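*Asks:* This is the structure I want to talk about, given as structure tokens.
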2 protein chains.
Amino acid sequence: MPLNLKTYTEHFTNPLYLESGRILEPYDITYETYGELNDDRSNVIVICHALTGSHHCAGIYDGDKKAGWWDSLIGSAKAVDTDKYFVICTNVIGSCFGSTGPMSPAHPHHNPYRYKFPVVTIKDMVKAQIILFDKLGIHKAHAVIGGSMGGMQALLFAIHYPNFASKIITMATTHATQPWAIAFNKVAQESILKDADFKGGYYDSQTIKENGLSGMAVGRMAGYISFLSYESMKNKFGREYKNTDGLYELFGKFQVELFLEYNGYNFTKWFDPLSYLYITKAINIYDISRGFDSLKEALKKITCELHLISFSNDQLFKNFEMKEISDALQEIGNTNHSYLDIDSNYGHDAFLVEVDKFEKNIKDMLDSK
Amino acid sequence: MPLNLKTYTEHFTNPLYLESGRILEPYDITYETYGELNDDRSNVIVICHALTGSHHCAGIYDGDKKAGWWDSLIGSAKAVDTDKYFVICTNVIGSCFGSTGPMSPAHPHHNPYRYKFPVVTIKDMVKAQIILFDKLGIHKAHAVIGGSMGGMQALLFAIHYPNFASKIITMATTHATQPWAIAFNKVAQESILKDADFKGGYYDSQTIKENGLSGMAVGRMAGYISFLSYESMKNKFGREYKNTDGLYELFGKFQVELFLEYNGYNFTKWFDPLSYLYITKAINIYDISRGFDSLKEALKKITCELHLISFSNDQLFKNFEMKEISDALQEIGNTNHSYLDIDSNYGHDAFLVEVDKFEKNIKDMLDSK
């Protein structure tokens with residue numbers, strides 16, 4: 001069956017009350033759907049995206065070469081089977097692909113918010129999705145699935161909206177962002193902030209898209225270190241050099257350097273620097289135990305079926321961080337969860353690039369009664 | 001007995017023939033000594049420094065607060081006992097603490113070399129030391145000891161000057177720099193190069209020392225991630241926040257962020273950006289098998305006693321990289337080496353900060369017949 005890819009933007013005029021006490025008003029949420037909502041609305045699967053992801057998680061737009069970021073997992077006859085499920089993925093607030101973020105026009109003057117945009121949290125991102133689903137008449141989901149920052153959202157769905165989803169699958173994430181991951185974000189944030197072309201946040205978006213922003217490129221390069229791994233870099237690049245004759249040239253380059261350059265600078269053509277600052281902030285302050293006395297107290301809220309999947313070689317959110325969630329669930333007597341560590345050399349990116357290693361698990365989790 | 005700290009700079013007018021085929025002429029080498037050279041010149045220990053280290057590895061200069069970078073290891077009655085040994089540590093060529101580097105005055109016009117400085121390799125750094133020692137009448141050393149880039153130098157002493165030292169101790173290093181480490185260097189290099197205040201290499205050193213260079217600060221922050229570890233960051237900083245009330249402020253900061261900022265920006269007051277580019281280049285192209293058919297062929301040159309020490313949680317040069325050297329030595333039948341992996345949570349920096357975990361080993365290695 002065709003994917004039935006549709007993209008929408010929903011406008012909200014009621015204020016969104018944020019965790020900080022501030023409000024966002026009005027705001028838009030852009031989202032995509034695949035498949036067909038069934039009559040009793042029991043076949044909804046929510047997909048949550050990562051830091052630089054978007055609502056476009058499957059299929060290919062006309063004229064595009066690249067499919068959505070989780071296209072290998074989601075589609076007709078795939079693990080998240082769009083012949084069977086109605087899949088919905090929203091762009092998080094704070095991002096730059098249609099949902100309201102720091103470069104969106106602020107009410108009432110229509111200039112971009114920039115630093116007037118409030119800090120949003122992962123919990124706020126989830127809340128905005130719940131409000132959207134409500135408006136769409138979707139009050140229950142069969143499942144919520146996400147990796148990395150998407151996994152954070154999935155966990156917060158489980159804790160703060162325990163009746164929303166029957167099943168939650170959270171991958172390559174953590175219960176609270178640790179200083180190791182915050183340090184990677186810090187490199188990127190500082191690099192963006194100190195770039196003269198960032199103009200203290202008062203840049204022109206089109207100029208950056210055309211000319212790039214080296215500070216954000218550098219930050220993305222640091223990000224890649226955390227997304228990949230020693231082993232994946234060694235396997236992919238080795239010590240291959242662009243020009244062996246040029247080994248003693250100061251600017252001669254290894255393949256790994258060319259990869260980082262290309263992807264770092266390319267990134268600045270499609271992502272917004274202020275969104276990067278706001279979303280990394282949301283990731284840094286993410287802690288599912290906030291508002292509870294402890295991690296266990298937070299986890300006690302969970303009533304749905306919960307599946308935790310980590311990757312053995314994840315350099316950003318270490319696999320034992322998910323094991324810690326599983327251990328805490330065990331200790332509070334939760335018998336409705338599973339924990340699976342996938343053996344992979346691909347680092348954090350495994351949740352995107354090694355879908356073949358867990359698609360069967362996802363399918364079974366979704367299809368089991 | 002007193003440390004007998006002495007600092008010298010030796011001037012060389014003969015050309016230094018570099019691995020690239022280029023020459024450096026004239027050049028200076030700055031070095032420090034501790035202890036007393038004995039009559040038969042048999043008590044020399046050479047210490048090799050890391051990327052941003054210097055010849056100042058022990059003792060305290062008048063007016064300084066901080067001792068040399070390996071002061072816990074080197075001194076009277078310490079593992080490298082200056083009552084017994086004559087210790088010498090040189091600043092590598094390419095660096096910025098007295099030995100000739102890219103900001104040194106170039107012959108004959110006396111303007112700084114900047115990009116006219118030739119790429120130097122770790123082997124060149126070692127060669128320059130051998131020439132210095134020759135001039136000082138030192139043709140044999142009891143031992144050469146180094147960690148990180150210092151460990152690279154120590155290994156190259158063993159391979160290219162097999163009759164120089166009786167014992168070589170190399171720590172926290174590798175046989176060839178892997179793409180993972182090159183990627184960290186890339187972030188720093190790119191960040192320096194793209195900083196407007198770097199002025200394409202035509203900066204004024206004094207201005208940078210006074211105003212800082214954010215690009216190099218960002219690079220150093222990335223460096224810290226590779227020097228530390230997930231565990232050391234978690235133990236040291238946790239998720240401590242500067243101001244809990246400010247959790248939702250975009251520029252509110254975690255302790256780990258403050259640490260990176262402070263050390264990143266402070267670094268730009270005492271290290272030269274072009275030296276950083278040149279030395280990281282030397283590290284990137286370091287491969288002890290260059291010029292040989294294989295790693296084993298290179299290792300076959302080693303005739304001295306060789307001790308390899310890695311640290312279990314080293315995030316820059318993984319401990320198994322040193323194990324690979326040990327395995328290769330085993331396979332070629334070398335029976336005059338040892339390999340020790342020190343259990344530590346401190347990451348790469350363990351060779352600097354956990355001296356108590358290996359000082360006894362070093363002492364035994366040095367004092368054994």
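Chain labels run A, B, ... following the order of the structure tokens; each chain numbers its residues from 1, and ligands are numbered from 1 in the order shown.
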Using every C-alpha atom paired in order, could you least-squares fit chain A onto chain B and give me the moved chain as a short mmCIF file (atom, residue, chain, number, x, y, z; two decimals) with C-alpha atoms, in the first residue's frame?
*Replies:*
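Contents of part.cif, as written:
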data_model
loop_
_atom_site.label_atom_id
_atom_site.label_comp_id
_atom_site.auth_asym_id
_atom_site.auth_seq_id
_atom_site.Cartn_x
_atom_site.Cartn_y
_atom_site.Cartn_z
CA MET A 1 68.51 17.18 47.94
CA PRO A 2 67.37 20.30 46.05
CA LEU A 3 65.84 19.80 42.62
CA ASN A 4 68.57 21.88 41.00
CA LEU A 5 66.18 23.19 38.32
CA LYS A 6 67.95 24.89 35.44
CA THR A 7 66.55 26.26 32.19
CA TYR A 8 68.61 26.74 29.04
CA THR A 9 68.15 27.59 25.41
CA GLU A 10 70.61 26.15 22.93
CA HIS A 11 71.05 27.72 19.50
CA PHE A 12 71.81 25.61 16.43
CA THR A 13 73.10 27.03 13.19
CA ASN A 14 73.35 23.78 11.26
CA PRO A 15 70.21 22.85 9.34
CA LEU A 16 67.79 20.38 10.88
CA TYR A 17 66.81 18.02 8.07
CA LEU A 18 63.14 17.23 8.48
CA GLU A 19 61.20 14.11 7.54
CA SER A 20 59.37 16.15 4.89
CA GLY A 21 62.61 16.90 3.06
CA ARG A 22 62.50 20.51 4.21
CA ILE A 23 64.99 22.09 6.59
CA LEU A 24 64.78 24.23 9.69
CA GLU A 25 67.72 26.60 10.02
CA PRO A 26 68.71 28.05 12.39
CA TYR A 27 66.74 26.80 15.37
CA ASP A 28 66.66 26.94 19.15
CA ILE A 29 65.86 24.26 21.68
CA THR A 30 64.81 25.22 25.18
CA TYR A 31 65.21 22.62 27.88
CA GLU A 32 65.26 22.11 31.61
CA THR A 33 67.41 19.88 33.75
CA TYR A 34 67.07 18.60 37.29
CA GLY A 35 69.58 16.80 39.44
CA GLU A 36 73.26 16.34 38.56
CA LEU A 37 74.87 14.57 35.64
CA ASN A 38 77.18 11.92 37.12
CA ASP A 39 80.77 11.45 36.08
CA ASP A 40 80.24 8.62 33.63
CA ARG A 41 77.08 10.30 32.27
CA SER A 42 75.10 7.16 32.93
CA ASN A 43 72.26 8.69 34.91
CA VAL A 44 70.37 10.63 32.22
CA ILE A 45 66.61 10.38 32.05
CA VAL A 46 64.84 12.11 29.19
CA ILE A 47 61.26 13.24 29.71
CA CYS A 48 59.08 13.98 26.67
CA HIS A 49 56.10 16.31 26.86
CA ALA A 50 52.60 16.17 25.39
CA LEU A 51 50.78 18.47 22.92
CA THR A 52 50.50 21.53 25.11
CA GLY A 53 53.20 20.64 27.62
CA SER A 54 56.62 22.19 27.89
CA HIS A 55 60.14 21.52 29.11
CA HIS A 56 58.96 22.63 32.57
CA CYS A 57 57.97 19.24 33.98
CA ALA A 58 59.08 19.57 37.62
CA GLY A 59 59.68 22.17 40.30
CA ILE A 60 58.24 25.64 40.64
CA TYR A 61 59.63 28.82 39.16
CA ASP A 62 59.93 31.77 41.55
CA GLY A 63 56.61 33.56 41.71
CA ASP A 64 54.65 30.70 40.10
CA LYS A 65 51.87 28.86 41.88
CA LYS A 66 51.84 25.77 39.72
CA ALA A 67 54.62 23.23 39.58
CA GLY A 68 55.83 21.56 36.39
CA TRP A 69 53.37 19.21 34.70
CA TRP A 70 54.88 15.97 36.06
CA ASP A 71 56.09 17.31 39.39
CA SER A 72 54.36 14.49 41.24
CA LEU A 73 56.55 11.98 39.41
CA ILE A 74 59.86 13.83 39.18
CA GLY A 75 61.90 15.20 42.08
CA SER A 76 63.93 14.40 45.14
CA ALA A 77 62.98 10.94 46.44
CA LYS A 78 60.19 10.67 43.88
CA ALA A 79 59.79 7.86 41.32
CA VAL A 80 62.06 9.69 38.88
CA ASP A 81 64.49 10.55 41.63
CA THR A 82 66.48 13.68 40.92
CA ASP A 83 68.84 12.78 43.79
CA LYS A 84 69.95 9.90 41.64
CA TYR A 85 69.15 10.80 38.05
CA PHE A 86 69.96 13.75 35.83
CA VAL A 87 66.63 14.57 34.24
CA ILE A 88 66.30 16.55 31.03
CA CYS A 89 63.15 17.69 29.30
CA THR A 90 63.15 19.70 26.07
CA ASN A 91 60.43 21.82 24.55
CA VAL A 92 59.62 20.20 21.18
CA ILE A 93 60.26 22.10 17.99
CA GLY A 94 57.00 23.53 16.70
CA SER A 95 55.95 24.47 20.24
CA CYS A 96 55.85 27.94 21.77
CA PHE A 97 57.85 27.85 24.98
CA GLY A 98 61.29 28.70 23.69
CA SER A 99 62.10 26.11 21.06
CA THR A 100 61.67 27.23 17.48
CA GLY A 101 58.07 27.18 16.31
CA PRO A 102 55.81 28.92 13.79
CA MET A 103 55.85 32.23 15.68
CA SER A 104 59.64 32.28 16.01
CA PRO A 105 61.54 34.83 13.94
CA ALA A 106 62.46 33.32 10.60
CA HIS A 107 65.90 33.74 9.11
CA PRO A 108 66.95 36.22 7.75
CA HIS A 109 64.13 38.81 8.06
CA HIS A 110 63.16 37.96 11.64
CA ASN A 111 59.43 38.12 11.01
CA PRO A 112 57.53 35.14 12.42
CA TYR A 113 57.46 32.07 10.18
CA ARG A 114 53.70 31.62 10.49
CA TYR A 115 52.69 29.34 7.60
CA LYS A 116 56.24 29.33 6.26
CA PHE A 117 57.15 27.11 9.19
CA PRO A 118 57.65 23.58 7.88
CA VAL A 119 55.45 20.73 9.08
CA VAL A 120 57.45 18.90 11.72
CA THR A 121 56.79 15.32 12.70
CA ILE A 122 57.16 13.54 16.01
CA LYS A 123 60.24 11.90 14.51
CA ASP A 124 61.65 15.37 13.78
CA MET A 125 61.00 16.38 17.40
CA VAL A 126 63.00 13.35 18.53
CA LYS A 127 65.78 14.03 16.04
CA ALA A 128 66.15 17.60 17.34
CA GLN A 129 66.48 16.24 20.87
CA ILE A 130 69.15 13.76 19.83
CA ILE A 131 71.11 16.61 18.21
CA LEU A 132 70.80 18.67 21.40
CA PHE A 133 71.93 15.76 23.58
CA ASP A 134 74.87 15.20 21.26
CA LYS A 135 75.90 18.81 21.67
CA LEU A 136 75.65 18.38 25.44
CA GLY A 137 77.90 15.33 25.26
CA ILE A 138 75.07 12.97 26.16
CA HIS A 139 75.18 9.98 23.86
CA LYS A 140 73.30 7.52 26.02
CA ALA A 141 70.35 7.80 28.36
CA HIS A 142 69.34 5.51 31.15
CA ALA A 143 65.72 6.01 30.14
CA VAL A 144 63.26 7.97 28.04
CA ILE A 145 59.79 8.49 29.51
CA GLY A 146 56.74 10.14 27.99
CA GLY A 147 52.96 10.13 27.94
CA SER A 148 50.54 10.97 25.14
CA MET A 149 52.56 12.83 22.47
CA GLY A 150 55.50 12.32 24.83
CA GLY A 151 54.84 8.60 24.57
CA MET A 152 54.95 8.87 20.80
CA GLN A 153 58.38 10.47 21.07
CA ALA A 154 59.53 7.76 23.46
CA LEU A 155 58.47 5.04 21.01
CA LEU A 156 60.30 6.77 18.16
CA PHE A 157 63.44 7.04 20.31
CA ALA A 158 63.15 3.26 20.69
CA ILE A 159 62.73 2.61 16.98
CA HIS A 160 64.96 5.19 15.33
CA TYR A 161 67.67 5.56 17.98
CA PRO A 162 67.74 2.03 19.40
CA ASN A 163 71.12 2.50 21.05
CA PHE A 164 70.27 5.75 22.78
CA ALA A 165 68.29 4.64 25.81
CA SER A 166 68.57 1.52 27.93
CA LYS A 167 64.94 1.74 28.91
CA ILE A 168 61.91 3.35 27.29
CA ILE A 169 58.66 3.92 29.14
CA THR A 170 55.75 5.01 26.96
CA MET A 171 52.32 5.80 28.35
CA ALA A 172 48.80 6.68 27.18
CA THR A 173 49.73 6.70 23.53
CA THR A 174 49.41 4.72 20.33
CA HIS A 175 51.40 3.33 17.39
CA ALA A 176 49.45 5.40 14.86
CA THR A 177 46.90 8.13 15.50
CA GLN A 178 43.42 6.85 14.74
CA PRO A 179 40.55 8.78 13.08
CA TRP A 180 38.79 9.15 16.45
CA ALA A 181 41.71 11.24 17.80
CA ILE A 182 42.16 13.02 14.47
CA ALA A 183 38.50 14.05 14.66
CA PHE A 184 39.05 15.76 18.02
CA ASN A 185 42.06 17.58 16.56
CA LYS A 186 39.99 18.53 13.53
CA VAL A 187 37.38 20.28 15.68
CA ALA A 188 40.12 22.35 17.32
CA GLN A 189 41.97 23.13 14.08
CA GLU A 190 38.82 24.16 12.23
CA SER A 191 37.70 26.24 15.17
CA ILE A 192 41.00 28.12 15.28
CA LEU A 193 41.19 28.61 11.52
CA LYS A 194 37.68 30.03 11.28
CA ASP A 195 38.01 32.47 14.16
CA ALA A 196 38.05 36.00 12.72
CA ASP A 197 40.58 37.05 15.38
CA PHE A 198 43.00 34.39 14.16
CA LYS A 199 43.24 36.60 11.06
CA GLY A 200 44.19 33.73 8.81
CA GLY A 201 47.34 33.17 10.87
CA TYR A 202 48.43 36.82 10.83
CA TYR A 203 47.35 37.55 14.40
CA ASP A 204 49.30 39.52 16.95
CA SER A 205 50.38 37.19 19.76
CA GLN A 206 50.08 39.79 22.47
CA THR A 207 46.53 40.67 21.43
CA ILE A 208 45.50 37.03 21.64
CA LYS A 209 47.15 36.61 25.03
CA GLU A 210 45.21 39.63 26.28
CA ASN A 211 41.86 39.15 24.55
CA GLY A 212 41.78 35.39 24.17
CA LEU A 213 40.88 33.50 21.01
CA SER A 214 37.46 31.92 21.27
CA GLY A 215 38.16 29.51 18.42
CA MET A 216 41.10 28.04 20.29
CA ALA A 217 39.07 28.03 23.52
CA VAL A 218 36.37 25.97 21.80
CA GLY A 219 39.01 23.63 20.43
CA ARG A 220 40.46 23.19 23.89
CA MET A 221 36.99 22.39 25.24
CA ALA A 222 36.70 19.61 22.67
CA GLY A 223 40.18 18.54 23.73
CA TYR A 224 39.05 18.28 27.35
CA ILE A 225 36.33 15.84 26.36
CA SER A 226 39.04 13.57 24.99
CA PHE A 227 41.34 14.11 27.99
CA LEU A 228 38.66 13.38 30.58
CA SER A 229 36.04 10.64 30.58
CA TYR A 230 32.34 10.08 31.12
CA GLU A 231 33.12 8.82 34.62
CA SER A 232 35.56 11.54 35.65
CA MET A 233 33.14 14.25 34.49
CA LYS A 234 30.26 12.59 36.29
CA ASN A 235 32.27 12.28 39.51
CA LYS A 236 33.69 15.78 39.29
CA PHE A 237 30.69 17.78 38.05
CA GLY A 238 27.57 15.65 38.17
CA ARG A 239 24.58 17.71 37.09
CA GLU A 240 25.45 20.54 39.43
CA TYR A 241 24.04 23.81 38.17
CA LYS A 242 25.38 27.27 38.84
CA ASN A 243 22.00 28.70 39.71
CA THR A 244 19.03 26.43 40.23
CA ASP A 245 16.59 29.29 39.84
CA GLY A 246 18.07 29.85 36.43
CA LEU A 247 17.45 26.36 35.09
CA TYR A 248 15.20 27.78 32.40
CA GLU A 249 17.57 30.58 31.43
CA LEU A 250 19.17 29.93 28.05
CA PHE A 251 22.59 30.89 29.36
CA GLY A 252 22.33 29.25 32.76
CA LYS A 253 25.23 26.89 33.19
CA PHE A 254 26.16 23.49 34.55
CA GLN A 255 29.42 23.15 36.45
CA VAL A 256 30.90 21.15 33.59
CA GLU A 257 30.21 24.09 31.28
CA LEU A 258 31.90 26.54 33.64
CA PHE A 259 34.91 24.23 33.88
CA LEU A 260 35.20 24.03 30.09
CA GLU A 261 34.78 27.78 29.69
CA TYR A 262 37.35 28.64 32.31
CA ASN A 263 39.97 26.22 31.08
CA GLY A 264 39.20 26.81 27.42
CA TYR A 265 39.61 30.56 27.57
CA ASN A 266 42.50 30.42 30.03
CA PHE A 267 44.35 28.18 27.57
CA THR A 268 44.42 30.93 24.96
CA LYS A 269 46.46 33.07 27.34
CA TRP A 270 49.36 30.66 27.38
CA PHE A 271 49.40 28.69 24.14
CA ASP A 272 50.00 29.76 20.59
CA PRO A 273 47.35 28.97 17.93
CA LEU A 274 49.78 28.23 15.11
CA SER A 275 51.76 25.92 17.38
CA TYR A 276 48.46 24.15 18.10
CA LEU A 277 47.87 23.66 14.38
CA TYR A 278 51.40 22.41 13.73
CA ILE A 279 51.61 20.07 16.70
CA THR A 280 48.17 18.54 16.12
CA LYS A 281 49.26 18.01 12.52
CA ALA A 282 52.35 16.18 13.78
CA ILE A 283 50.13 14.03 16.01
CA ASN A 284 47.68 13.29 13.20
CA ILE A 285 50.36 12.05 10.80
CA TYR A 286 52.19 10.08 13.50
CA ASP A 287 52.53 6.43 12.53
CA ILE A 288 55.52 4.48 13.80
CA SER A 289 55.32 2.13 10.85
CA ARG A 290 55.95 4.92 8.32
CA GLY A 291 59.09 4.05 6.42
CA PHE A 292 58.69 0.36 7.28
CA ASP A 293 56.72 -2.41 5.61
CA SER A 294 54.59 -2.93 8.68
CA LEU A 295 54.19 -2.18 12.36
CA LYS A 296 56.11 -5.35 13.18
CA GLU A 297 59.01 -4.35 10.94
CA ALA A 298 59.19 -1.04 12.80
CA LEU A 299 59.06 -2.75 16.18
CA LYS A 300 61.86 -5.13 15.18
CA LYS A 301 64.23 -2.15 15.39
CA ILE A 302 63.73 -1.93 19.12
CA THR A 303 66.61 -3.36 21.13
CA CYS A 304 66.15 -1.61 24.48
CA GLU A 305 63.94 -2.56 27.37
CA LEU A 306 60.46 -1.24 26.56
CA HIS A 307 57.59 -0.66 28.96
CA LEU A 308 54.10 0.12 27.71
CA ILE A 309 51.54 1.60 30.10
CA SER A 310 47.93 2.29 29.12
CA PHE A 311 44.96 3.53 31.11
CA SER A 312 41.74 1.56 31.09
CA ASN A 313 39.48 4.53 30.47
CA ASP A 314 41.63 6.57 28.09
CA GLN A 315 39.21 8.21 25.63
CA LEU A 316 41.86 9.67 23.32
CA PHE A 317 44.25 6.80 22.77
CA LYS A 318 42.31 3.68 23.72
CA ASN A 319 44.11 1.25 25.99
CA PHE A 320 43.91 -1.52 23.38
CA GLU A 321 46.04 0.58 21.03
CA MET A 322 48.98 -0.02 23.37
CA LYS A 323 47.95 -3.64 23.76
CA GLU A 324 48.27 -3.87 19.97
CA ILE A 325 51.91 -2.82 20.27
CA SER A 326 52.47 -5.40 22.98
CA ASP A 327 50.78 -8.11 20.91
CA ALA A 328 52.90 -7.25 17.88
CA LEU A 329 56.05 -7.36 20.03
CA GLN A 330 55.02 -10.79 21.31
CA GLU A 331 54.48 -12.01 17.77
CA ILE A 332 57.96 -10.94 16.64
CA GLY A 333 59.44 -12.65 19.69
CA ASN A 334 60.47 -9.57 21.65
CA THR A 335 61.01 -10.74 25.22
CA ASN A 336 62.34 -7.47 26.57
CA HIS A 337 59.11 -5.57 27.05
CA SER A 338 56.22 -5.27 29.47
CA TYR A 339 52.65 -4.11 29.08
CA LEU A 340 50.61 -2.74 31.95
CA ASP A 341 47.03 -1.45 31.83
CA ILE A 342 46.27 0.79 34.79
CA ASP A 343 42.68 0.74 36.00
CA SER A 344 41.54 4.35 36.18
CA ASN A 345 38.41 6.43 35.70
CA TYR A 346 40.37 9.56 34.81
CA GLY A 347 40.53 9.07 31.07
CA HIS A 348 43.60 10.15 29.14
CA ASP A 349 44.61 12.61 31.86
CA ALA A 350 45.32 9.68 34.19
CA PHE A 351 48.98 9.77 33.14
CA LEU A 352 49.14 13.26 34.67
CA VAL A 353 46.74 13.04 37.59
CA GLU A 354 46.94 9.46 38.80
CA VAL A 355 50.68 9.25 39.22
CA ASP A 356 50.17 7.43 42.52
CA LYS A 357 48.81 4.50 40.55
CA PHE A 358 52.00 3.91 38.55
CA GLU A 359 54.87 5.72 40.27
CA LYS A 360 55.97 2.51 41.97
CA ASN A 361 56.03 0.76 38.59
CA ILE A 362 58.11 3.56 37.07
CA LYS A 363 60.51 3.47 39.99
CA ASP A 364 60.96 -0.28 39.67
CA MET A 365 61.41 -0.06 35.91
CA LEU A 366 64.08 2.62 36.30
CA ASP A 367 65.92 1.04 39.19
CA SER A 368 65.94 -2.58 38.00
CA LYS A 369 69.15 -3.84 36.46
#
*Asks:* Select from range 75-116 of chain A everything DSSP, run on the backbone, classes as strand (DSSP E or B), then give the selection as a count of residues only.
*Replies:* 10
